[in-house]
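**Student:** Have a look at this one.
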There are 4 protein chains.
Amino acid sequence: MPFSILHTGHIELRVADLERARGFYVDVLGMVETEREPGRIYLRGIDEPFHHGLTLRKADSIGIGHYALRVSKPEDLDSLYELHREKGLPTRKIPEGQEKGQGEALRVEDPAGFPVEFYHSMEHADALIGKAAYRRGIEVMRIDHITNYTNETNKEFDYYVKDLGFASSSHMIDGKGVVQRMFIRRKQGNHDLGFLRGAGPRNHHIAFWVKDWPSIIRACDTLTMSGYRDKIECGPGRHTPTDFSIYFRDTEGNRVELYHEDRMMTDPEYDHVQRLPASAPMVDYMRGHPYWGMPALPSYVDGFPVESIMDGSLKPSTPPIPA
Amino acid sequence: MPFSILHTGHIELRVADLERARGFYVDVLGMVETEREPGRIYLRGIDEPFHHGLTLRKADSIGIGHYALRVSKPEDLDSLYELHREKGLPTRKIPEGQEKGQGEALRVEDPAGFPVEFYHSMEHADALIGKAAYRRGIEVMRIDHITNYTNETNKEFDYYVKDLGFASSSHMIDGKGVVQRMFIRRKQGNHDLGFLRGAGPRNHHIAFWVKDWPSIIRACDTLTMSGYRDKIECGPGRHTPTDFSIYFRDTEGNRVELYHEDRMMTDPEYDHVQRLPASAPMVDYMRGHPYWGMPALPSYVDGFPVESIMDGSLKPSTPPIPA
Amino acid sequence: MPFSILHTGHIELRVADLERARGFYVDVLGMVETEREPGRIYLRGIDEPFHHGLTLRKADSIGIGHYALRVSKPEDLDSLYELHREKGLPTRKIPEGQEKGQGEALRVEDPAGFPVEFYHSMEHADALIGKAAYRRGIEVMRIDHITNYTNETNKEFDYYVKDLGFASSSHMIDGKGVVQRMFIRRKQGNHDLGFLRGAGPRNHHIAFWVKDWPSIIRACDTLTMSGYRDKIECGPGRHTPTDFSIYFRDTEGNRVELYHEDRMMTDPEYDHVQRLPASAPMVDYMRGHPYWGMPALPSYVDGFPVESIMDGSLKPSTPPIPA
Amino acid sequence: MPFSILHTGHIELRVADLERARGFYVDVLGMVETEREPGRIYLRGIDEPFHHGLTLRKADSIGIGHYALRVSKPEDLDSLYELHREKGLPTRKIPEGQEKGQGEALRVEDPAGFPVEFYHSMEHADALIGKAAYRRGIEVMRIDHITNYTNETNKEFDYYVKDLGFASSSHMIDGKGVVQRMFIRRKQGNHDLGFLRGAGPRNHHIAFWVKDWPSIIRACDTLTMSGYRDKIECGPGRHTPTDFSIYFRDTEGNRVELYHEDRMMTDPEYDHVQRLPASAPMVDYMRGHPYWGMPALPSYVDGFPVESIMDGSLKPSTPPIPA
């Protein structure tokens with residue numbers, strides 16, 4: 001491929017009350033405000049050496065504005081523009097500075113309707129890890145991944161893996177060949193993106209990397225002390241023998257995961273494929289942590305809308321076509 | 001008081017399959033077999049320097065044979081015998097050696113029908129903590145407490161606190177003056193005994209002390225690797241800001257808690273009393289960990305029978321009398 | 001005994017610069033200021049429900065003003081007064097309120113010249129654990145113990161164990177019958193007091209209880225981030241398979257240990273006695289953590305003066321008499 | 001570059017007593033024996049899905065046989081052969097199966113005399129993480145990196161970074177432009193290779209990745225229980241705010257690090273360059289963990305020989321040329 005995607009670099013989150021959301025992400029999650037403009041606050045985790053990893057944007061409803069994949073070099077944006085034009089997917093060039101601190105970027109709509117941004121350049125910012133003054137709340141380090149519901153899992157698998165060069169870390173195929181879940185990576189963590197089969201395009205959660213798994217137990221304490229215990233929907237628990245996570249809602253209703261994975265994906269060919277028998281029952285998402293962990297609260301299956309890259313309207317959600 | 005109770009020292013557990021249960025307690029929980037006789041296996045945790053902390057006894061059903069409180073000196077047994085005779089409670093003297101490794105003991109039926117043993121002398125055994133050969137499975141350190149359902153919480157509170165000298169670490173009184181939960185201690189941990197208002201006398205769980213809270217996360221891994229993930233009914237979670245626990249069933253169906261508490265009760269007067277308003281709803285036991293933690297599985301409210309100290313028959317269970 | 005000592009309850013520490021010391025104990029160790037008066041600041045840990053656990057007192061040099069053992073009931077002070085008068089040890093009655101928040105107390109000089117206070121009554125204060133606003137720095141929970149150098153270890157052993165009712169958790173006796181180290185308890189932790197054979201009376205360290213051993217690793221980070229890395233003299237490491245600690249100097253030069261012990265001493269007779277062969281070499285204190293841990297910095301053997309209970313002068317230090 | 005190096009994949013270690021060394025790496029470190037042949041035992045960590053990550057080879061002395069970098073595809077070996085022939089560096093083709101389980105490989109001598117192997121193909125082996133039967137000892141997951149002494153740090157920097165495409169995660173340059181330390185990566189961990197300025201070519205240590213930092217505290221316990229406490233030369237401690245490690249000697253005298261790093265290097269341009277002033281004193285390697293941790297034992301500065309790729313003789317070591 002003439003381009004190289006690095007990792008999920010930042011996410012724009014829709015929130016009803018900008019200051020209330022800022023309070024949660026800064027005081028409770030421990031993020032740092034880099035800059036603000038009317039209607040937007042740019043935040044970064046304490047291990048993010050760039051201008052922002054999360055943008056809070058005032059909007060009428062919750063959900064995802066867009067998610068952004070960083071590429072290796074500015075010219076990758078041209079190659080990606082060509083690719084998407086050839087495939088007939090909607091594209092939109094974003095000039096430098098439209099998103100504060102960011103150079104030129106490209107927004108596209110992926111085959112299932114998700115708003116994806118590609119970018120390379122972003123202003124550097126001070127790394128804050130190890131500074132006593134920035135040791136606050138949950139001390140999230142950086143954005144890690146985003147997981148979505150789509151009714152087009154197989155089409156998404158082809159696009160991300162074959163067209164964009166992602167590797168699968170884990171995917172589950174049912175007896176009819178339909179992908180039920182997929183977790184795909186560009187960085188050497190477990191995943192940059194996850195897709196679950198369901199009504200879509202909708203978001204399931206955004207995930208932050210925390211320093212280690214004991215930090216997630218401490219985060220349960222922090223959420224409880226701060227009055228947010230009842231926002232925890234799932235966990236603590238493990239999806240695999242080596243990760244650790246919890247899921248909870250922010251003050252606006254968006255779902256956040258705190259995530260740590262103890263292994264690195266150094267083998268580019270690593271893929272854990274689970275093939276279900278033809279008679280396998282539907283995937284039960286209430287076991288939020290398949291390795292161990294209590295079942296999730298019923299609200300854990302809720303999904304949230306995503307925006308059109310063209311006009312910011314919310315994309316309608318369609319149930320999966322039965323296989 | 002002319003006697004001094006030290007702590008909950010051992011518990012006799014009824015199991016349907018002695019060898020299967022031994023496999024669980026030894027291979028998975030990491031206990032050590034000190035001795036066996038037909039129908040009984042005597043186990044101890046790796047920080048128990050005495051002959052046994054848990055006796056597995058073959059029986060037709062699961063439940064509790066008896067639980068045993070260690071006293072400071074042999075003469076305490078005489079004082080306790082007098083006390084129970086005066087109160088008209090059933091008593092039975094247990095000769096030295098009837099329970100392997102144990103000196104003379106006294107069994108009584110408490111006011112709510114629970115089988116309680118008092119003892120002082122027990123053979124010493126090697127302390128095994130810090131020995132590589134005994135680092136196996138969950139490495140439980142010692143028995144910590146037992147928690148029961150009773151329909152006579154107020155009567156039990158008076159007996160244990162006023163007659164036996166226990167201190168309350170926490171108890172919850174509803175708007176009608178009925179004790180809904182009580183956790184009482186003789187040692188300087190949070191509790192040696194717990195009572196929940198409900199149909200009784202029945203057992204809710206027995207609890208083992210583990211070295212630290214990270215050991216409980218490791219225990220979730222161990223249970224999962226060993227094929228017992230689906231036995232976990234509740235947790236991990238915290239009842240208070242300083243404890244940590246999970247609950248699961250053993251191979252026979254008895255409920256076990258792994259427990260660690262990070263604080264010591266050095267103030268003899270410490271008591272956390274919660275007084276509910278008259279209109280408070282019934283206690284919801286599905287929030288197994290009131291501080292934080294996912295709701296328990298529905299089976300978590302099940303209780304298990306306890307034996308008569310006289311003939312080993314199972315005590316009938318009676319629902320709580322409405323206040 | 002007609003009295004019952006509960007545990008080491010508070011310590012008065014001499015500091016050259018009161019505000020600088022307060023900054024360290026409050027901002028870095030996470031203690032809370034309860035009250036102050038000219039020349040004194042009263043602090044407590046976040047799990048201390050009493051007025052103070054540590055008093056900082058402005059003085060010309062560092063060292064210990066006195067250490068205080070809490071007793072079960074006010075009348076214990078009378079019994080203890082009699083005991084010390086009979087033994088011919090210096091005593092001094094301290095009226096209520098001389099130490100803020102404290103009722104009547106008794107100060108004595110122990111047989112080796114240490115300033116010991118006995119007290120029962122102290123004003124209650126809010127317990128702060130679990131409150132987000134008090135989650136600051138190392139979050140020390142409470143004072144745990146004090147360890148001193150004395151040239152009279154055997155005399156101290158007799159006094160504390162036989163006269164005052166302490167139990168030994170561990171003591172080391174050399175080939176000539178001289179106690180080289182002793183760690184003695186009233187509470188069910190490992191120790192309330194420690195004594196090392198050496199020039200005395202001098203203090204070696206005061207110790208705070210932290211929530212769990214991972215908090216001690218976090219404390220190393222906190223000390224480093226706050227500019228105090230080079231104050232760490234020893235650790236992290238373990239003295240036994242179940243404890244965990246580090247030692248460092250405060251801003252004034254006093255030595256502080258952070259300590260957690262994962263087991264409880266529920267057996268009143270537990271004692272780990274080490275008898276050295278007659279030919280054993282002198283104890284090497286540079287192995288600050290005998291179980292595992294790097295050797296300490298050379299300054300780790302330094303000791304600090306203690307005050308006379310009579311006039312506040314510093315007690316002269318005498319080397320141990322060769323056995 | 002026409003080739004792409006993935007990561008440090010395996011290391012051949014020279015040991016005097018093959019079975020004694022196997023006992024240490026299998027029983028204490030928890031590695032698994034995949035295969036053996038006369039004079040060699042092939043081991044892997046529990047997260048290594050390939051035939052071997054460590055080869056123990058019987059030899060007259062300790063040290064390094066070679067270290068091996070995995071490349072993305074078989075053809076990379078041809079490109080690397082050309083590169084090294086052009087640079088005039090010694091090369092040697094290794095036929096498939098000469099090293100058990102491995103396809104064709106290429107060995108070269110790097111500019112400072114180190115024996116480097118490049119390979120792509122290796123037989124897959126079962127991943128063992130999460131299997132109760134392989135939970136033994138320290139449970140090391142995989143080989144992570146190797147750190148060496150060289151008197152040619154600047155030449156090595158140019159070779160690895162410019163010729164082979166490594167990125168620097170951290171390097172320290174003194175006032176005369178001489179690289180004093182360098183830690184360079186291909187995978188997204190902190191480093192695959194480290195070089196320290198000193199007499200060389202010699203090895204300083206090989207490092208294994210462990211699951212998380214609490215595993216390193218547990219490893220200190222395991223080493224102590226197994227009788228190897230006095231083999232620990234340095235740690236636990238941190239080099240940076242996010243890593244954690246200890247160093248110890250194996251039964252033969254080789255130095256092993258246990259290492260975990262909590263962050264991922266997702267930014268390809270990340271480099272932490274430290275420029276020392278001209279007057280800076282020589283680097284003091286006794287501070288084995290520059291962020292925090294006690295000074296190392298004096299033996300920590302020792303280095304170990306490396307082999308010639310041509311005849312297996314040990315390369316002579318030369319002191320660094322003063323800058």
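In the structure tokens, the first chain shown is A, the next is B, and so on; residue numbers restart at 1 for each chain, and ligands run from 1 in the order shown.
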Need the shell around Gly23 in chain A: protein/DNA/RNA residues with any atom at most 12 Å away, counting only C-alpha atoms. Skip same-chain ones fewer than 2 positions apart. Format as a ChimeraX atom specification?
**Tutor:** /A:17-21,25-33,41,43,56,137,226,250-252
**Student:** Determine, using only C-alpha atoms, which residues of chain B have any atom at most 9 Å from an atom of chain C, and tabulate each with its shortest atom pair and distance in Å to one decimal place, rows ordered by chain and then rising number, as JSON lines.
**Tutor:**
```
{"residue": "B:Leu6", "atom": "CA", "partner": "C:Thr266", "partner_atom": "CA", "distance": 7.0}
{"residue": "B:His7", "atom": "CA", "partner": "C:Thr266", "partner_atom": "CA", "distance": 7.1}
{"residue": "B:Asp47", "atom": "CA", "partner": "C:Arg263", "partner_atom": "CA", "distance": 8.2}
{"residue": "B:Ser72", "atom": "CA", "partner": "C:Pro268", "partner_atom": "CA", "distance": 8.0}
{"residue": "B:Ile129", "atom": "CA", "partner": "C:Pro241", "partner_atom": "CA", "distance": 7.2}
{"residue": "B:Gly130", "atom": "CA", "partner": "C:Pro241", "partner_atom": "CA", "distance": 5.7}
{"residue": "B:Met141", "atom": "CA", "partner": "C:Arg263", "partner_atom": "CA", "distance": 8.4}
{"residue": "B:Lys187", "atom": "CA", "partner": "C:Thr266", "partner_atom": "CA", "distance": 6.3}
{"residue": "B:Gln188", "atom": "CA", "partner": "C:Gln188", "partner_atom": "CA", "distance": 6.3}
{"residue": "B:Gly189", "atom": "CA", "partner": "C:Met264", "partner_atom": "CA", "distance": 7.8}
{"residue": "B:Trp209", "atom": "CA", "partner": "C:Arg263", "partner_atom": "CA", "distance": 8.7}
{"residue": "B:Val210", "atom": "CA", "partner": "C:Asp262", "partner_atom": "CA", "distance": 8.4}
{"residue": "B:Lys211", "atom": "CA", "partner": "C:Asp262", "partner_atom": "CA", "distance": 5.5}
{"residue": "B:Asp212", "atom": "CA", "partner": "C:Asp262", "partner_atom": "CA", "distance": 6.3}
{"residue": "B:Trp213", "atom": "CA", "partner": "C:Asp212", "partner_atom": "CA", "distance": 8.1}
{"residue": "B:Pro214", "atom": "CA", "partner": "C:Pro214", "partner_atom": "CA", "distance": 8.9}
{"residue": "B:Thr240", "atom": "CA", "partner": "C:Gly130", "partner_atom": "CA", "distance": 8.6}
{"residue": "B:Pro241", "atom": "CA", "partner": "C:Gly130", "partner_atom": "CA", "distance": 5.7}
{"residue": "B:Thr242", "atom": "CA", "partner": "C:Lys211", "partner_atom": "CA", "distance": 7.6}
{"residue": "B:His260", "atom": "CA", "partner": "C:Asp262", "partner_atom": "CA", "distance": 8.7}
{"residue": "B:Asp262", "atom": "CA", "partner": "C:Lys211", "partner_atom": "CA", "distance": 5.5}
{"residue": "B:Arg263", "atom": "CA", "partner": "C:Lys211", "partner_atom": "CA", "distance": 6.9}
{"residue": "B:Met264", "atom": "CA", "partner": "C:Gly189", "partner_atom": "CA", "distance": 7.8}
{"residue": "B:Met265", "atom": "CA", "partner": "C:Lys187", "partner_atom": "CA", "distance": 8.8}
{"residue": "B:Thr266", "atom": "CA", "partner": "C:Lys187", "partner_atom": "CA", "distance": 6.3}
{"residue": "B:Asp267", "atom": "CA", "partner": "C:Leu6", "partner_atom": "CA", "distance": 7.7}
{"residue": "B:Pro268", "atom": "CA", "partner": "C:Ser72", "partner_atom": "CA", "distance": 8.0}
```
**Student:** Within range 47-288 of chain C, find each residue whose DSSP state, derived from the backbone, is alpha helix (DSSP H), and express the selection as a PyMOL selection string.
**Tutor:** chain C and resi 76-87+153-157+214-225
**Student:** Pull C-alpha atoms from the residues just selected and write them as a short mmCIF file (atom, residue, chain, number, x, y, z; two decimals), in the first residue's frame.
**Tutor:**
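Dumped to again.cif:
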```
data_model
loop_
_atom_site.label_atom_id
_atom_site.label_comp_id
_atom_site.auth_asym_id
_atom_site.auth_seq_id
_atom_site.Cartn_x
_atom_site.Cartn_y
_atom_site.Cartn_z
CA ASP C 76 -5.71 2.46 83.08
CA LEU C 77 -3.71 5.65 83.52
CA ASP C 78 -3.92 5.29 87.31
CA SER C 79 -2.73 1.70 87.21
CA LEU C 80 0.10 2.67 84.92
CA TYR C 81 1.06 5.57 87.21
CA GLU C 82 1.31 3.15 90.14
CA LEU C 83 3.33 0.66 88.15
CA HIS C 84 5.90 3.24 87.10
CA ARG C 85 6.18 4.78 90.58
CA GLU C 86 6.82 1.32 92.00
CA LYS C 87 9.49 0.67 89.41
CA THR C 153 17.36 -4.37 74.60
CA ASN C 154 16.97 -7.05 77.27
CA LYS C 155 15.76 -4.56 79.87
CA GLU C 156 13.30 -3.15 77.34
CA PHE C 157 12.07 -6.62 76.44
CA PRO C 214 0.88 -1.39 45.49
CA SER C 215 0.48 1.96 47.29
CA ILE C 216 4.15 1.73 48.21
CA ILE C 217 5.21 1.43 44.58
CA ARG C 218 2.94 4.37 43.84
CA ALA C 219 4.58 6.21 46.74
CA CYS C 220 8.00 5.75 45.09
CA ASP C 221 6.52 7.46 42.03
CA THR C 222 5.02 10.22 44.17
CA LEU C 223 8.28 10.87 46.03
CA THR C 224 10.16 10.95 42.72
CA MET C 225 7.68 13.27 40.99
#
```
**Student:** Between CA of Asp271 in chain B and CA of Ala167 in chain B, what is the spacing in Å?
**Tutor:** 7.6 Å
**Student:** Could you pull out all residues of range 8-243 of chain D with a DSSP call of strand (DSSP E) and give them as an MDAnalysis selection string?
**Tutor:** chainID D and resid 8:15 32:37 40:44 54:58 63:71 91:94 105:109 115:119 142:150 167:173 179:185 193:197 202:209 232:237 243
**Student:** Taking only C-alpha atoms into account, which of A:Arg249, A:Lys93, A:Arg14, A:Lys100 comes nearest Ile62 in chain A?
**Tutor:**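 Of the candidates, the smallest distance to Ile62 in chain A is held by A:Arg14.
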